[in-house]
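Student: One structure, pasted below without further comment.
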Amino acid sequence: MDDSFALNRANWDERAPAHAASPGYAIERFLSDPTFISDVVRFDLPRLGDVAGLDGVHLQCHIGTDTVSLARLGARMTGLDFSPASLAEARRLAAAAGNDVEFVQAQVYDAPAVLGRERFDFVFTGIGAICWMPKIRPWAEVVAELLRPGGWLFIREGHPMMWSLDERTDGLLVVEYPYFEHEEPIVDDDGGTYVETDVSFEHTVSHSWNHGLGEIVTALLDVGMQLTMLVEHDSVPWEAIPKAMERTTEKEWRLADRPGRLPHSYTLRAVKPA
Ligand SMILES: C[S@@+](CC[C@H](N)C(=O)[O-])C[C@H]1O[C@@H](n2cnc3c(N)ncnc32)[C@H](O)[C@@H]1O
């Protein structure tokens with residue numbers, strides 16, 4: 001597992017500067033408009049509620065665009081990620097944008113030991129996050145440990161049914177990868193990334209894992225969390241299946257042909273009982 005993490009970290013470290021420079025992450029907008037928030041956070045505003053004055057932690061914050069967005073909504077934010085290059089971009093963004101956010105380098109499974117237990121009112125994560133976790137149960141334990149009683153988890157994530165599809169087919173939906181949690185990682189060898197960039201990458205291999213929706217919910221229930229929201233969406237914030245998707249008016253991506261066939265993503269909220 002350590003080998004998988006080392007390999008994934010090298011992959012993310014190399015991509016972080018290219019992501020920060022890409023139009024998709026809209027860094028220029030953050031700098032020129034102090035009220036700008038990311039499309040990802042904007043999409044879920046009706047489900048997020050008021051976070052002003054709350055202590056929040058963003059697990060797998062990458063280059064910090066969603067973390068800074070939550071700070072702009074008034075939360076006191078901490079971002080955690082294991083990629084130093086991602087955190088360097090995140091710190092640069094927060095400083096230049098004038099938002100006070102703490103960024104901490106750590107492995108997700110170590111988050112409670114590093115950040116402290118029962119320290120946060122909410123945990124925010126998602127959009128390509130839990131697929132890097134080999135097991136969902138210890139991840140759920142991390143979430144529950146970080147939260148104060150009464151605190152809540154907010155996650156919007158790619159749907160496990162969508163993750164099970166082969167993204168390199170010409171418009172066909174081909175179920176290629178496991179839907180249910182599996183021992184051996186899915187090994188991907190990809191010289192590109194999910195944003196527009198001319199950069200060619202040397203670290204091309206990554207290891208990921210899928211977790212079924214029922215497994216995610218069950219893991220959260222097993223650690224004592226209560227499910228308060230589960231909404232499946234027919235769109236996702238990145239071009240998850242190239243050649244089969246088109247842009248939506250909400251700046252998301254959706255299957256061009258009969259999108260109702262596929263749950264693309266979901267938003268889930270769960271609360272730790274007070
Ligand atoms: C797709 S990004 C997260 C997406 C984020 N929502 C965004 O688009 O900005 C995935 C992040 O997870 C981080 N990551 C992957 N595995 C991790 C782990 N085991 N512990 C901590 N961070 C991890 C990577 O460094 C990367 O920054």
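Every chain in the structure tokens has a letter given in the order shown (A, B, ...), and although residue numbers restart at 1 in each chain, ligands are simply numbered from 1 in the order shown.
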Ligand 1: which residues are within 7 Å, counting only C-alpha atoms and all ligand atoms, as a count of residues only?
Tutor: 28
Student: Could you pull the residues within 8 Å of region 261-264 of chain A, counting only C-alpha atoms, minus those fewer than 5 positions along the same chain, as number ranges by chain?
Tutor: A: 158-159, 161-162, 232-236, 254
Student: Can you list, as a PyMOL selection string, every protein, DNA or RNA residue that comes within 9 Å of Arg168 (chain A) when you count only C-alpha atoms, leaving out same-chain residues fewer than 5 positions away?
Tutor: chain A and resi 241-243
Student: Could you tell me which of A:Asp55, A:Glu250, A:Asp188, A:Asp222 comes closest to Pro138 (chain A) if we count only C-alpha atoms?
Tutor: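 When distances to Pro138 (chain A) are compared using only C-alpha atoms, the smallest one comes from A:Asp222.
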Student: Please, which residues of region 202-249 of chain A, numbered as in this document, come out strand (DSSP E) from DSSP, as a PyMOL selection string?
Tutor: chain A and resi 205-208+226-233+245-247
Student: Let me see the file: selected residues, all heavy atoms, as a compact mmCIF listing (two decimals), in the first residue's frame.
Tutor:
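The new file again.txt reads:
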```txt
# COMPACT_ATOMS: atom_id res chain seq x y z
N VAL A 205 1.81 6.52 -13.93
CA VAL A 205 1.05 5.41 -13.32
C VAL A 205 0.39 5.87 -12.02
O VAL A 205 0.99 6.61 -11.24
CB VAL A 205 1.98 4.20 -13.05
CG1 VAL A 205 1.22 3.06 -12.38
CG2 VAL A 205 2.60 3.73 -14.36
N SER A 206 -0.85 5.45 -11.81
CA SER A 206 -1.52 5.71 -10.52
C SER A 206 -2.28 4.45 -10.11
O SER A 206 -2.62 3.61 -10.95
CB SER A 206 -2.46 6.91 -10.63
OG SER A 206 -3.50 6.62 -11.53
N HIS A 207 -2.53 4.34 -8.80
CA HIS A 207 -3.29 3.22 -8.24
C HIS A 207 -4.55 3.76 -7.57
O HIS A 207 -4.46 4.66 -6.73
CB HIS A 207 -2.44 2.48 -7.19
CG HIS A 207 -1.34 1.66 -7.78
ND1 HIS A 207 -0.51 0.87 -7.02
CD2 HIS A 207 -0.95 1.48 -9.07
CE1 HIS A 207 0.37 0.25 -7.82
NE2 HIS A 207 0.12 0.60 -9.05
N SER A 208 -5.69 3.21 -7.93
CA SER A 208 -6.94 3.69 -7.31
C SER A 208 -7.84 2.51 -6.95
O SER A 208 -7.59 1.36 -7.35
CB SER A 208 -7.67 4.65 -8.27
OG SER A 208 -8.05 3.96 -9.43
N GLN A 226 -24.86 9.43 11.18
CA GLN A 226 -26.24 9.31 10.71
C GLN A 226 -26.36 9.97 9.35
O GLN A 226 -25.97 11.13 9.18
CB GLN A 226 -27.19 9.98 11.70
CG GLN A 226 -27.24 9.24 13.03
CD GLN A 226 -28.04 10.00 14.09
OE1 GLN A 226 -28.38 11.17 13.92
NE2 GLN A 226 -28.30 9.33 15.20
N LEU A 227 -26.92 9.25 8.39
CA LEU A 227 -27.07 9.78 7.03
C LEU A 227 -28.21 10.79 7.01
O LEU A 227 -29.32 10.48 7.44
CB LEU A 227 -27.37 8.62 6.08
CG LEU A 227 -27.40 8.95 4.59
CD1 LEU A 227 -26.01 9.28 4.08
CD2 LEU A 227 -27.98 7.77 3.81
N THR A 228 -27.94 12.00 6.50
CA THR A 228 -29.00 13.01 6.45
C THR A 228 -29.31 13.47 5.02
O THR A 228 -30.29 14.17 4.80
CB THR A 228 -28.65 14.24 7.32
OG1 THR A 228 -27.38 14.75 6.90
CG2 THR A 228 -28.58 13.88 8.78
N MET A 229 -28.46 13.11 4.06
CA MET A 229 -28.74 13.48 2.67
C MET A 229 -27.96 12.57 1.73
O MET A 229 -26.77 12.28 1.98
CB MET A 229 -28.30 14.92 2.40
CG MET A 229 -28.53 15.37 0.97
SD MET A 229 -27.63 16.88 0.58
CE MET A 229 -28.52 18.06 1.55
N LEU A 230 -28.63 12.11 0.68
CA LEU A 230 -27.94 11.38 -0.38
C LEU A 230 -28.66 11.70 -1.68
O LEU A 230 -29.78 11.26 -1.89
CB LEU A 230 -27.94 9.88 -0.11
CG LEU A 230 -27.28 9.02 -1.19
CD1 LEU A 230 -25.85 9.44 -1.48
CD2 LEU A 230 -27.29 7.55 -0.78
N VAL A 231 -28.00 12.53 -2.52
CA VAL A 231 -28.60 12.95 -3.79
C VAL A 231 -27.68 12.48 -4.92
O VAL A 231 -26.48 12.76 -4.89
CB VAL A 231 -28.72 14.49 -3.88
CG1 VAL A 231 -29.41 14.91 -5.17
CG2 VAL A 231 -29.46 15.04 -2.67
N GLU A 232 -28.23 11.75 -5.88
CA GLU A 232 -27.44 11.35 -7.05
C GLU A 232 -27.68 12.37 -8.16
O GLU A 232 -28.80 12.84 -8.35
CB GLU A 232 -27.84 9.95 -7.50
CG GLU A 232 -27.46 8.90 -6.47
CD GLU A 232 -27.97 7.51 -6.82
OE1 GLU A 232 -29.21 7.34 -6.84
OE2 GLU A 232 -27.17 6.61 -7.07
N HIS A 233 -26.60 12.69 -8.90
CA HIS A 233 -26.67 13.71 -9.95
C HIS A 233 -26.42 13.09 -11.33
O HIS A 233 -25.64 12.13 -11.44
CB HIS A 233 -25.62 14.79 -9.73
CG HIS A 233 -25.64 15.41 -8.36
ND1 HIS A 233 -26.64 16.27 -7.95
CD2 HIS A 233 -24.80 15.28 -7.31
CE1 HIS A 233 -26.39 16.65 -6.70
NE2 HIS A 233 -25.29 16.06 -6.29
N MET A 245 -19.21 12.85 -23.48
CA MET A 245 -19.86 13.86 -22.63
C MET A 245 -19.91 15.24 -23.28
O MET A 245 -19.12 15.55 -24.17
CB MET A 245 -19.10 13.96 -21.30
CG MET A 245 -19.24 12.71 -20.47
SD MET A 245 -18.52 12.90 -18.84
CE MET A 245 -19.72 12.00 -17.85
N GLU A 246 -20.86 16.05 -22.81
CA GLU A 246 -20.95 17.44 -23.26
C GLU A 246 -21.12 18.35 -22.04
O GLU A 246 -21.51 17.89 -20.97
CB GLU A 246 -22.11 17.62 -24.24
CG GLU A 246 -23.46 17.32 -23.63
CD GLU A 246 -24.59 17.34 -24.66
OE1 GLU A 246 -24.32 17.32 -25.86
OE2 GLU A 246 -25.76 17.34 -24.20
N ARG A 247 -20.84 19.66 -22.23
CA ARG A 247 -20.93 20.61 -21.13
C ARG A 247 -22.39 20.92 -20.80
O ARG A 247 -23.22 21.00 -21.69
CB ARG A 247 -20.29 21.93 -21.53
CG ARG A 247 -18.82 22.27 -21.20
CD ARG A 247 -18.13 21.47 -20.23
NE ARG A 247 -17.99 22.01 -18.88
CZ ARG A 247 -17.04 22.84 -18.47
NH1 ARG A 247 -16.15 23.30 -19.28
NH2 ARG A 247 -16.95 23.22 -17.22
```
Student: When DSSP is applied to the backbone of this structure, which of region 47-265 of chain A are assigned helix (DSSP H, G or I)? Write them out as a ChimeraX atom specification.
Tutor: /A:47-48,65-72,84-97,108-115,130-132,136-146,160-163,213-222,259-261
Student: Which of these, A:Leu48, A:Ile155, A:Leu213, A:Ala21, has the shortest distance to Thr267 (chain A) once you count only C-alpha atoms?
Tutor: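 Closest to Thr267 (chain A) of all the choices is A:Ile155.
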Student: List as a PyMOL selection string the protein and nucleic acid residues near Ile136 (chain A), meaning an atom at most 7 Å away when only C-alpha atoms are counted, but skip any in the same chain fewer than 4 places from it.
Tutor: chain A and resi 140+211+216+219
Student: Out of A:Ala274, A:Leu255, A:Ala85, A:Ala113, which residue has the shortest atom-to-atom distance to Ala18 (chain A) when counting only C-alpha atoms?
Tutor: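 For Ala18 (chain A), the nearest of the candidates is A:Ala85.
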Student: Which distance in Å separates CA of Val187 (chain A) and CA of Leu268 (chain A), to one decimal?
Tutor: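 The value is 27.1 Å.
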Student: Could you check which of A:Leu173, A:Tyr194, A:Pro17, A:Leu7 is closest to Asp257 (chain A), using only C-alpha atoms?
Tutor: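 Among the listed residues, A:Leu173 lies closest to Asp257 (chain A).
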